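Below you'll find the structure, written out as C-alpha cells, and then a few comments.
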Amino acid sequence: MDKRTGIIEEKIEAIKRLKPGLSGKDFLLTWEKSDEDLKTVLEVAAVLKEMRSANISPRVFDSGLAISNFRDNSTRTRFSFASAANLLGMAVQDLDEEKSQIAHGETVRETANMISFMSDVIGIRDDIFLGEGNKYMREVGLALDEGFEKGVLPVRPGIVNLQCDIDHPTQSMADLMHLQNVYGSLENLRGKKLVMSWAYSPSYGKPMSVPQGIIALMSRYGMHIELAYPEGYNLIPEIVELADKNSRTAGGSFRISHSMEDAMRDADIVYPKSWAPFHIMQQRTELLQKADRTGLKELEQVCLANNAKFRDWEFDDAKLKLTKNGKALYMHCLPADISGVSCERGEVSAPAFERYRIETYREAGFKPYIIAAMMLTNRFDNPGEVLTEIMHRNRRRVGVI
Amino acid sequence: MDKRTGIIEEKIEAIKRLKPGLSGKDFLLTWEKSDEDLKTVLEVAAVLKEMRSANISPRVFDSGLAISNFRDNSTRTRFSFASAANLLGMAVQDLDEEKSQIAHGETVRETANMISFMSDVIGIRDDIFLGEGNKYMREVGLALDEGFEKGVLPVRPGIVNLQCDIDHPTQSMADLMHLQNVYGSLENLRGKKLVMSWAYSPSYGKPMSVPQGIIALMSRYGMHIELAYPEGYNLIPEIVELADKNSRTAGGSFRISHSMEDAMRDADIVYPKSWAPFHIMQQRTELLQKADRTGLKELEQVCLANNAKFRDWEFDDAKLKLTKNGKALYMHCLPADISGVSCERGEVSAPAFERYRIETYREAGFKPYIIAAMMLTNRFDNPGEVLTEIMHRNRRRVGVI
Amino acid sequence: MDKRTGIIEEKIEAIKRLKPGLSGKDFLLTWEKSDEDLKTVLEVAAVLKEMRSANISPRVFDSGLAISNFRDNSTRTRFSFASAANLLGMAVQDLDEEKSQIAHGETVRETANMISFMSDVIGIRDDIFLGEGNKYMREVGLALDEGFEKGVLPVRPGIVNLQCDIDHPTQSMADLMHLQNVYGSLENLRGKKLVMSWAYSPSYGKPMSVPQGIIALMSRYGMHIELAYPEGYNLIPEIVELADKNSRTAGGSFRISHSMEDAMRDADIVYPKSWAPFHIMQQRTELLQKADRTGLKELEQVCLANNAKFRDWEFDDAKLKLTKNGKALYMHCLPADISGVSCERGEVSAPAFERYRIETYREAGFKPYIIAAMMLTNRFDNPGEVLTEIMHRNRRRVGVI
C-alpha cells in the first residue's frame, strides 16, 4: 500500500495548490464553475476513487442526510447518488413528490425547508420540462438561503444538479474524468476531435441535457468539437453559442454539421446519442403544462415520423471505420438504444457497442466519485486538508477498526 | 465554542436533576407522561439541537434500525423521523403495509415481531380511523412485550406515536418547544392566552389529533386556553374534559367558544387549523370499515357543504388585529391551506400567513429534535449521563475524526 | 458479561478450526456448499447473535452498500436483509426493477455493473418463474465477474440468494439454526424424524423453494426425512433425488408418502406448508412468459379445484397427537395460512398454531443473523480472526464510545 499511498498523497498536494470557489455553492451548471473548480472536483474524485480502492474510508459525516429529489425514475443516477452519500457517511432520504407537477412559490419554499432541518446535501433531478428544471433548482436554493439566514436551518445544504433541462453536470464531469483517464491528463485532450452526434432512437423526447452538457464542458479543453445532427434537431441556442465561445477561448474549434458520416471522419472521440429537438421540447412543455394529452400524442407521432427519416444515424462499424485509425473512443451515458438488443434499430449497432461495452461501464463508474467530490467540496473550504486528515486517520472502509 | 459548550453543559446538569420515567416506555399520549417526563424530552431535544449546531455528534447507535410504519403519506413527519434516527445513528427501514386495512390479532402480533429482530425504535403514524390508531399502537406494544419476554426479541423496541386518531405528541411537543423558545421558558407561558381555533378548509376529514394534542398539552402550563369552533365541530369529549381539568390544576383556564373573532381578542398565541368534527369522524370510520364508497362520497358532500357555511373562519389581518397588540404568535403544523396560494380560500389569508411563514418553519424545525429526544430517553435510563458522555467524547458530526 | 464473553470467545475459537471456502463465493444453493461452509455460517451467525445480545457491535463496514433486488414484495426477507446489512455497517439500496419482466443479456450485464460501483453485497429474491430465478442470479454473478476482472468494479460484490425458484437458503439455514438451538447441536439431529409435508391453502402457486430447500439441507444431518404430499404435488425431481442421496450418505433415510396422517406418526419435527406442484409451476411459467392471462386464470381455477380435494391436509391437534409424544416441533417459514385466522381453512388449525406461535417467531429470528453471516463470510477469508478483532475492539452497539 505504500506506493499507492504515495500516489494519493501527491495528488492531494496538487489539490492543495488549487484555489476553488466551490464551498457553499450549489453545483448547477458546469459553465458557472471556474477551471480550478472543475479541476478540483476531478482531482478530489480521483483521490476518493483511489482511497476506496486502497480500502481507506473517506467518511466525513458521522451522521447526516443526503436528500434525493428525483422527478423521474433513474436507477443509475439514484445509485450513483446513494453511493456517493454513503461513501462520505450520509444516509439517503428520498423525497417523492408528485412527479408530474411543476411546483413554485410557497410549495417549493416550504418543502425545501421542511426536508432540510438535518440535510447536508440535496440532489435534484428534474429534466422533464424545458425551462423548468434548472429554474426549480434555483428556487430551492433561494428558499434554502432564506431558511439558513433566518435561522430555520442550522446548515445551508448544498444542491447538486443530477440532471436538468439545460445541463447534466454529473454526467459530463464523469465523462471528462473518463477522458482524463483514457488520455492521461486534461492537457492531452488538446487538439483531439470530439463528435457529439445525434443518433436515431425509436423513442421520443430524450432530454437535451447530455449533448448540451458535453459540448459546453468539453469545449473548455482545447478540443475540436463537432456537433452533428439532422437539420432541425437543434439544441438550446445559448448553449451552442457558449460551446462555440469556449472553444475559441481554449484554442480549439467548434462546428455544427448535418451528416453523421462526415462528422465521424478522423474523430478521436464519438458520442452518438439521441435527443429531441429544441422546438419539439418547447411544444412538449407547453402541452404538458396544459395537460393536453391529445396534443402530446400528436406531437409524439409527428416526432417519431420525423425521427424515422434518420434511421441511418446509427453508429456502426462502418462509421467507426471512418474515425481516427478506425478506433475512436465511443462514449455513451447509458442505457444506449442498441440495434437488435434493446430495440429493433437504435443509436448504435450491436457489434459496435460490444467493442466499447466495458469502456462505457468504466465511464459510468466515475459518476459516484464525481458526485462525492461535488458533495465534499461543497461542504468543506479546504478539500486538500480534509483529504490529508483522512489519510492520517487511515481508517479502513472494510475491516475491524 | 467554549461558551457554547458551557451552555450545553449547564443544560445537561439541569437534565440530571430531573427524574423522568421515560426509559422503556412507549410515547403514545402526552397525558400519560409526567411533567418531569415532558420537561426531560424538551431539554434533551434542546441539548441535541445545540450539539448539532456546534457540530458535536450525538450518535449513540453504532448500528440499529428505526422502523417507520406510516399509514398515510407524510413527507414532513417522514423526514423528521428519518432525521432523528440518523442523528442518533440508526438507519430507517420503512414498513409499507396495506394502508387501508385495519389489522388486528395475529397479523399485528406477527408483523410486530418480524420487523423487530434488530429494531430499536418503531415510529407509527395511524390517524385515519377514529378509535383505531392509538389502539393499534398499543396492540403492537403488547406484541413487542410478549416477543421480548419470550426471548424472540433481544431488545424491546420503543414506540413513538407519530400521529394517531387521538393525539399527535411529536407535533404538540415541538409546538411547546417553539413556545418555550419564543417566550424564554415554560414558566413564562403562565397567563398567556392561547386560542386553538377551527379554520375553514376546502378539504374534508382532517384529523382531530392536532387540536386535541394542543389543548391537552398546552393546558398543563397555566395558560388560558380557548377552543373555538363553529357549533357542531366538537372534538373527542374526553380530551376536552382533560384539557379543562389540566387548566384548572395548572392555574390557567379553559373555555370553548363559537366565534373566531371573539376568540382572537387579546390572544397571545393563535393556532387556526381545520379539522373534521367528532361525529363525522365516527360516521367516516364506520363507512370506511364497511368499505361503503357511496356512503363516504355522500358524507364528504354533506361535510363540505357544512364547512362552506364557515368560510369566514379564515385567519386574516383583521383577526390578527384583534389579538394582543395586534401581534399574537401564529402557529400551524403545516402545510396550511393558504387562501389564494394553496387553495382559493382556506385557513389563513396569504398576507397573514406571510407574516409568520418563517416562524412556522422554525416551529416545524423542532420536531426532529423532539423525536430524537423521545428515542434517546426511551433507550437510556440516564439521558443526562449519556449527554455528558457525548460531550466528553466530543466527536464532530461533520469532519475527519 | 465476562462469562458471556468467554462463551463467545470459545465459539470463535471453534470457528477458527473450520476451513470454509465461502469467501468470494456467492451463496446460491446450500448443496453447492460444503459441510464446513454451512457449519461456519451457522457458527458465525450464532456469534453475531451473541454479540448483539451482549451489546457488542460487529460492525465491519465503515461505509458500503447492500443492494436488495426483490422481484416480489416480502416484508420479512426485506427486513432480515436490511437488519443484517445494518448490523455489519452497510446501507441498503433497493433496486426496483420491473418485477414482471425476465431480463437477460445486456440488460442484466449492464444493470449488474451499474448498481455495483460501490456495492459489497447483492441480495436477490426471484422466485416467480420456474427455471429463471437461480439462472438470473448466476447471470448477475457472471456480469459481476466480468466487471471486476475488467476493472469496472473495485470489488466483486457477493450475491446472497434470498429465495429463488429452486432453493431458499437463508430460510433453510435459519431453520437449521433453530433446530440446532432446540436440540443443542447438529449432532443431536441424527436419527430425528423430520416431516416436510404439503398442507392445504386457499391460495395457489406458492413456491417450491421452501420444501426443496428443507429436504435438500436437512437430509445432510442424519435425519429421517419424510416428504409427504398428495399424489401429483411433486417437487423438482433432481432435488428430491439429491435429498435422497444426501440422506443415505449421512446415515439417515428419505421417503416419500402421500398421507399427512401417516407421515406424522412419531415425527420429531413437522413442517406443514403449501406449495404448487412442479408440473403446475412449469405451465404457469410458460403462461407467464406468454403473458397469457386467460390461460393463467384457467390454470388457477384448475389448481384451486384440485387443492380443494385436499382440505384435510391441515395440521391440527389430532395430527399433532400422532407425532412423537404428541409434541413434535412445529416449524413454518411464516406467514402461515391459519384456519379461522388468516383464512377460512388453511395449513394449520388455530389451536395447533398457537401452541407453536412463539417458536415460529424464534425460528424466524435467526434469519437476519444467517444473512449477516453469509455476508461476512463472503467478504472475509478469515471470519474467525475478524470476530476476534471485533471482540478486542469491544465497541458497544448502543452507547457512547
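Ordering of the C-alpha cells sets the chain letters (A, B, ...), residue numbers begin anew at 1 in every chain, and ligands are numbered from 1 in the order given.
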In segment 24-175 of chain B, DSSP helix (DSSP H, G or I) residues written as a ChimeraX atom specification: /B:30-32,35-53,75-88,106-114,133-149,169-175
What would the file look like if the residues just selected were written as a PDB file, in the first residue's frame with C-alpha atoms?
```pdb
ATOM      1  CA  THR B  30     -48.620  13.300  26.289  1.00  0.00           C
ATOM      2  CA  TRP B  31     -51.182  12.908  29.069  1.00  0.00           C
ATOM      3  CA  GLU B  32     -49.687   9.597  30.089  1.00  0.00           C
ATOM      4  CA  ASP B  35     -44.384  16.900  33.857  1.00  0.00           C
ATOM      5  CA  GLU B  36     -40.828  15.736  34.508  1.00  0.00           C
ATOM      6  CA  ASP B  37     -41.090  13.385  31.545  1.00  0.00           C
ATOM      7  CA  LEU B  38     -42.138  16.186  29.237  1.00  0.00           C
ATOM      8  CA  LYS B  39     -39.558  18.572  30.604  1.00  0.00           C
ATOM      9  CA  THR B  40     -36.890  15.929  30.061  1.00  0.00           C
ATOM     10  CA  VAL B  41     -37.912  15.429  26.445  1.00  0.00           C
ATOM     11  CA  LEU B  42     -37.882  19.194  25.846  1.00  0.00           C
ATOM     12  CA  GLU B  43     -34.493  19.664  27.468  1.00  0.00           C
ATOM     13  CA  VAL B  44     -32.878  16.675  25.789  1.00  0.00           C
ATOM     14  CA  ALA B  45     -34.238  17.965  22.476  1.00  0.00           C
ATOM     15  CA  ALA B  46     -32.743  21.381  23.195  1.00  0.00           C
ATOM     16  CA  VAL B  47     -29.353  19.865  24.000  1.00  0.00           C
ATOM     17  CA  LEU B  48     -29.387  17.731  20.859  1.00  0.00           C
ATOM     18  CA  LYS B  49     -30.208  20.836  18.835  1.00  0.00           C
ATOM     19  CA  GLU B  50     -27.371  22.780  20.433  1.00  0.00           C
ATOM     20  CA  MET B  51     -24.988  19.902  19.890  1.00  0.00           C
ATOM     21  CA  ARG B  52     -25.802  19.639  16.237  1.00  0.00           C
ATOM     22  CA  SER B  53     -25.370  23.373  15.768  1.00  0.00           C
ATOM     23  CA  THR B  75     -43.268  13.962   3.792  1.00  0.00           C
ATOM     24  CA  ARG B  76     -42.737  16.101   6.838  1.00  0.00           C
ATOM     25  CA  THR B  77     -43.122  13.505   9.556  1.00  0.00           C
ATOM     26  CA  ARG B  78     -41.201  11.009   7.458  1.00  0.00           C
ATOM     27  CA  PHE B  79     -38.271  13.407   7.177  1.00  0.00           C
ATOM     28  CA  SER B  80     -38.428  14.335  10.850  1.00  0.00           C
ATOM     29  CA  PHE B  81     -38.353  10.693  11.858  1.00  0.00           C
ATOM     30  CA  ALA B  82     -35.543   9.883   9.441  1.00  0.00           C
ATOM     31  CA  SER B  83     -33.570  12.892  10.647  1.00  0.00           C
ATOM     32  CA  ALA B  84     -33.924  11.934  14.283  1.00  0.00           C
ATOM     33  CA  ALA B  85     -32.973   8.315  13.644  1.00  0.00           C
ATOM     34  CA  ASN B  86     -29.983   9.329  11.577  1.00  0.00           C
ATOM     35  CA  LEU B  87     -28.738  11.836  14.142  1.00  0.00           C
ATOM     36  CA  LEU B  88     -28.579   9.068  16.734  1.00  0.00           C
ATOM     37  CA  GLU B 106     -52.254 -12.470  14.731  1.00  0.00           C
ATOM     38  CA  THR B 107     -51.294 -10.204  11.847  1.00  0.00           C
ATOM     39  CA  VAL B 108     -50.270  -7.427  14.198  1.00  0.00           C
ATOM     40  CA  ARG B 109     -48.534  -9.745  16.650  1.00  0.00           C
ATOM     41  CA  GLU B 110     -46.566 -11.500  13.950  1.00  0.00           C
ATOM     42  CA  THR B 111     -45.599  -8.419  11.958  1.00  0.00           C
ATOM     43  CA  ALA B 112     -44.600  -6.552  15.109  1.00  0.00           C
ATOM     44  CA  ASN B 113     -42.125  -9.319  15.905  1.00  0.00           C
ATOM     45  CA  MET B 114     -40.921  -9.943  12.363  1.00  0.00           C
ATOM     46  CA  GLY B 133     -54.790   4.368  15.538  1.00  0.00           C
ATOM     47  CA  ASN B 134     -53.870   4.519  19.190  1.00  0.00           C
ATOM     48  CA  LYS B 135     -55.386   1.103  19.788  1.00  0.00           C
ATOM     49  CA  TYR B 136     -53.205  -0.328  17.047  1.00  0.00           C
ATOM     50  CA  MET B 137     -50.083   1.164  18.623  1.00  0.00           C
ATOM     51  CA  ARG B 138     -50.942  -0.469  21.936  1.00  0.00           C
ATOM     52  CA  GLU B 139     -51.519  -3.788  20.222  1.00  0.00           C
ATOM     53  CA  VAL B 140     -48.092  -3.520  18.634  1.00  0.00           C
ATOM     54  CA  GLY B 141     -46.693  -2.657  22.052  1.00  0.00           C
ATOM     55  CA  LEU B 142     -48.232  -5.746  23.661  1.00  0.00           C
ATOM     56  CA  ALA B 143     -46.888  -7.929  20.864  1.00  0.00           C
ATOM     57  CA  LEU B 144     -43.421  -6.499  21.416  1.00  0.00           C
ATOM     58  CA  ASP B 145     -43.720  -7.063  25.161  1.00  0.00           C
ATOM     59  CA  GLU B 146     -44.573 -10.696  24.538  1.00  0.00           C
ATOM     60  CA  GLY B 147     -41.791 -11.122  21.979  1.00  0.00           C
ATOM     61  CA  PHE B 148     -39.253  -9.657  24.366  1.00  0.00           C
ATOM     62  CA  GLU B 149     -40.432 -11.679  27.359  1.00  0.00           C
ATOM     63  CA  PRO B 169     -47.437  14.162  20.606  1.00  0.00           C
ATOM     64  CA  THR B 170     -44.412  14.882  18.408  1.00  0.00           C
ATOM     65  CA  GLN B 171     -46.301  17.853  16.960  1.00  0.00           C
ATOM     66  CA  SER B 172     -47.604  19.234  20.230  1.00  0.00           C
ATOM     67  CA  MET B 173     -44.228  18.791  21.921  1.00  0.00           C
ATOM     68  CA  ALA B 174     -42.448  20.504  19.019  1.00  0.00           C
ATOM     69  CA  ASP B 175     -45.012  23.290  19.307  1.00  0.00           C
TER      70      ASP B 175
END
```
Taking only C-alpha atoms into account and nothing else, which residues of chain C lie no more than 6 Å away from chain A? Please answer as a compact mmCIF listing (two decimals) with C-alpha atoms, in the first residue's frame.
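As a result, iface-v1.txt now contains:
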```txt
# COMPACT_ATOMS: atom_id res chain seq x y z
CA VAL C 60 -17.10 -4.20 9.85
CA PHE C 61 -18.10 -1.67 7.21
CA ASP C 62 -17.40 2.00 7.76
CA SER C 63 -19.43 2.51 4.60
CA MET C 118 -19.83 0.79 -4.55
CA VAL C 152 -15.09 -1.68 -13.84
CA PRO C 154 -13.32 -2.11 -7.42
```
I need the residues in segment 180-366 of chain B that are strand (DSSP E or B) according to DSSP; give them as an MDAnalysis selection string. chainID B and resid 193:198 224:228 253:257 269:273 315 329:330 338:339 343 348
Of B:Leu95, B:Ile159, B:Ala291, B:Leu29, the one sitting nearest Val121 of chain B when using only C-alpha atoms is B:Ile159
Quick one: everything within 7 Å of Thr323 of chain C, counting only C-alpha atoms, minus sequence neighbours fewer than 2 positions away in the same chain. Send it as an MDAnalysis selection string. chainID C and resid 264:268 320:321 325:328
Pull C-alpha atoms from the residues just selected and write them as a PDB file, in the first residue's frame.
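Saved result, selection34.pdb, follows:
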```pdb
ATOM      1  CA  MET C 264     -46.904 -37.508  11.201  1.00  0.00           C
ATOM      2  CA  ARG C 265     -46.561 -40.698  13.229  1.00  0.00           C
ATOM      3  CA  ASP C 266     -43.597 -40.474  15.540  1.00  0.00           C
ATOM      4  CA  ALA C 267     -42.309 -37.333  13.889  1.00  0.00           C
ATOM      5  CA  ASP C 268     -39.898 -35.225  15.921  1.00  0.00           C
ATOM      6  CA  LEU C 320     -50.009 -33.324  16.421  1.00  0.00           C
ATOM      7  CA  LYS C 321     -51.138 -36.124  18.713  1.00  0.00           C
ATOM      8  CA  ASN C 325     -45.042 -37.994  22.415  1.00  0.00           C
ATOM      9  CA  GLY C 326     -47.707 -35.794  20.826  1.00  0.00           C
ATOM     10  CA  LYS C 327     -45.323 -32.882  20.819  1.00  0.00           C
ATOM     11  CA  ALA C 328     -43.232 -32.688  17.695  1.00  0.00           C
TER      12      ALA C 328
END
```
Which residues are close to Cys343 of chain A, i.e. within 9 Å by only C-alpha atoms, leaving aside same-chain residues fewer than 5 positions away? Reply as a VMD selection string. chain A and resid 201 to 202 337 to 338
Please, what distance in Å, to one decimal, runs between atom CA of Ser185 of chain B and atom CA of Ser274 of chain B?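 Calculated distance between atom CA of Ser185 of chain B and atom CA of Ser274 of chain B is 28.4 Å.
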Between C:Ser203, C:Thr388, C:Asn394, C:Asn188, single out the one closest to Glu10 of chain C, counting only C-alpha atoms. C:Thr388
Using only C-alpha atoms, which residues sit within 12 Å of Pro351 of chain A once same-chain residues fewer than 4 positions away are excluded, as JSON, numbers by chain? {"A": [314, 315, 316, 317, 318, 319, 320, 338, 339, 340, 341, 355, 356, 357]}
Could you take the residues named above and write them with C-alpha atoms, as a PDB file, in the first residue's frame?
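And here is the file that came out, out_13.pdb:
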```pdb
ATOM      1  CA  GLU A 314     -26.872   4.705 -36.254  1.00  0.00           C
ATOM      2  CA  PHE A 315     -23.299   4.361 -35.108  1.00  0.00           C
ATOM      3  CA  ASP A 316     -21.976   1.129 -36.577  1.00  0.00           C
ATOM      4  CA  ASP A 317     -18.698  -0.454 -37.592  1.00  0.00           C
ATOM      5  CA  ALA A 318     -18.758   1.319 -40.965  1.00  0.00           C
ATOM      6  CA  LYS A 319     -18.891   4.663 -39.202  1.00  0.00           C
ATOM      7  CA  LEU A 320     -16.326   3.572 -36.666  1.00  0.00           C
ATOM      8  CA  ILE A 338     -28.650  -0.902 -29.195  1.00  0.00           C
ATOM      9  CA  SER A 339     -29.952  -2.199 -32.505  1.00  0.00           C
ATOM     10  CA  GLY A 340     -31.169  -5.745 -32.203  1.00  0.00           C
ATOM     11  CA  VAL A 341     -30.622  -5.752 -28.461  1.00  0.00           C
ATOM     12  CA  ARG A 355     -16.477  -3.277 -28.711  1.00  0.00           C
ATOM     13  CA  TYR A 356     -16.905  -0.479 -26.195  1.00  0.00           C
ATOM     14  CA  ARG A 357     -19.333  -2.022 -23.759  1.00  0.00           C
TER      15      ARG A 357
END
```
For segment 205-214 of chain C, work out the shell of residues within 8 Å, counting only C-alpha atoms and skipping chain neighbours fewer than 5 positions away, then give it as a PyMOL selection string. chain C and resi 30+127-128+163-169+171-172+196+235-236+239-240+273-278+281+333
Using Å and a single decimal, report how far atom CA of Glu389 of chain B sits from atom CA of Arg17 of chain B. 16.3 Å
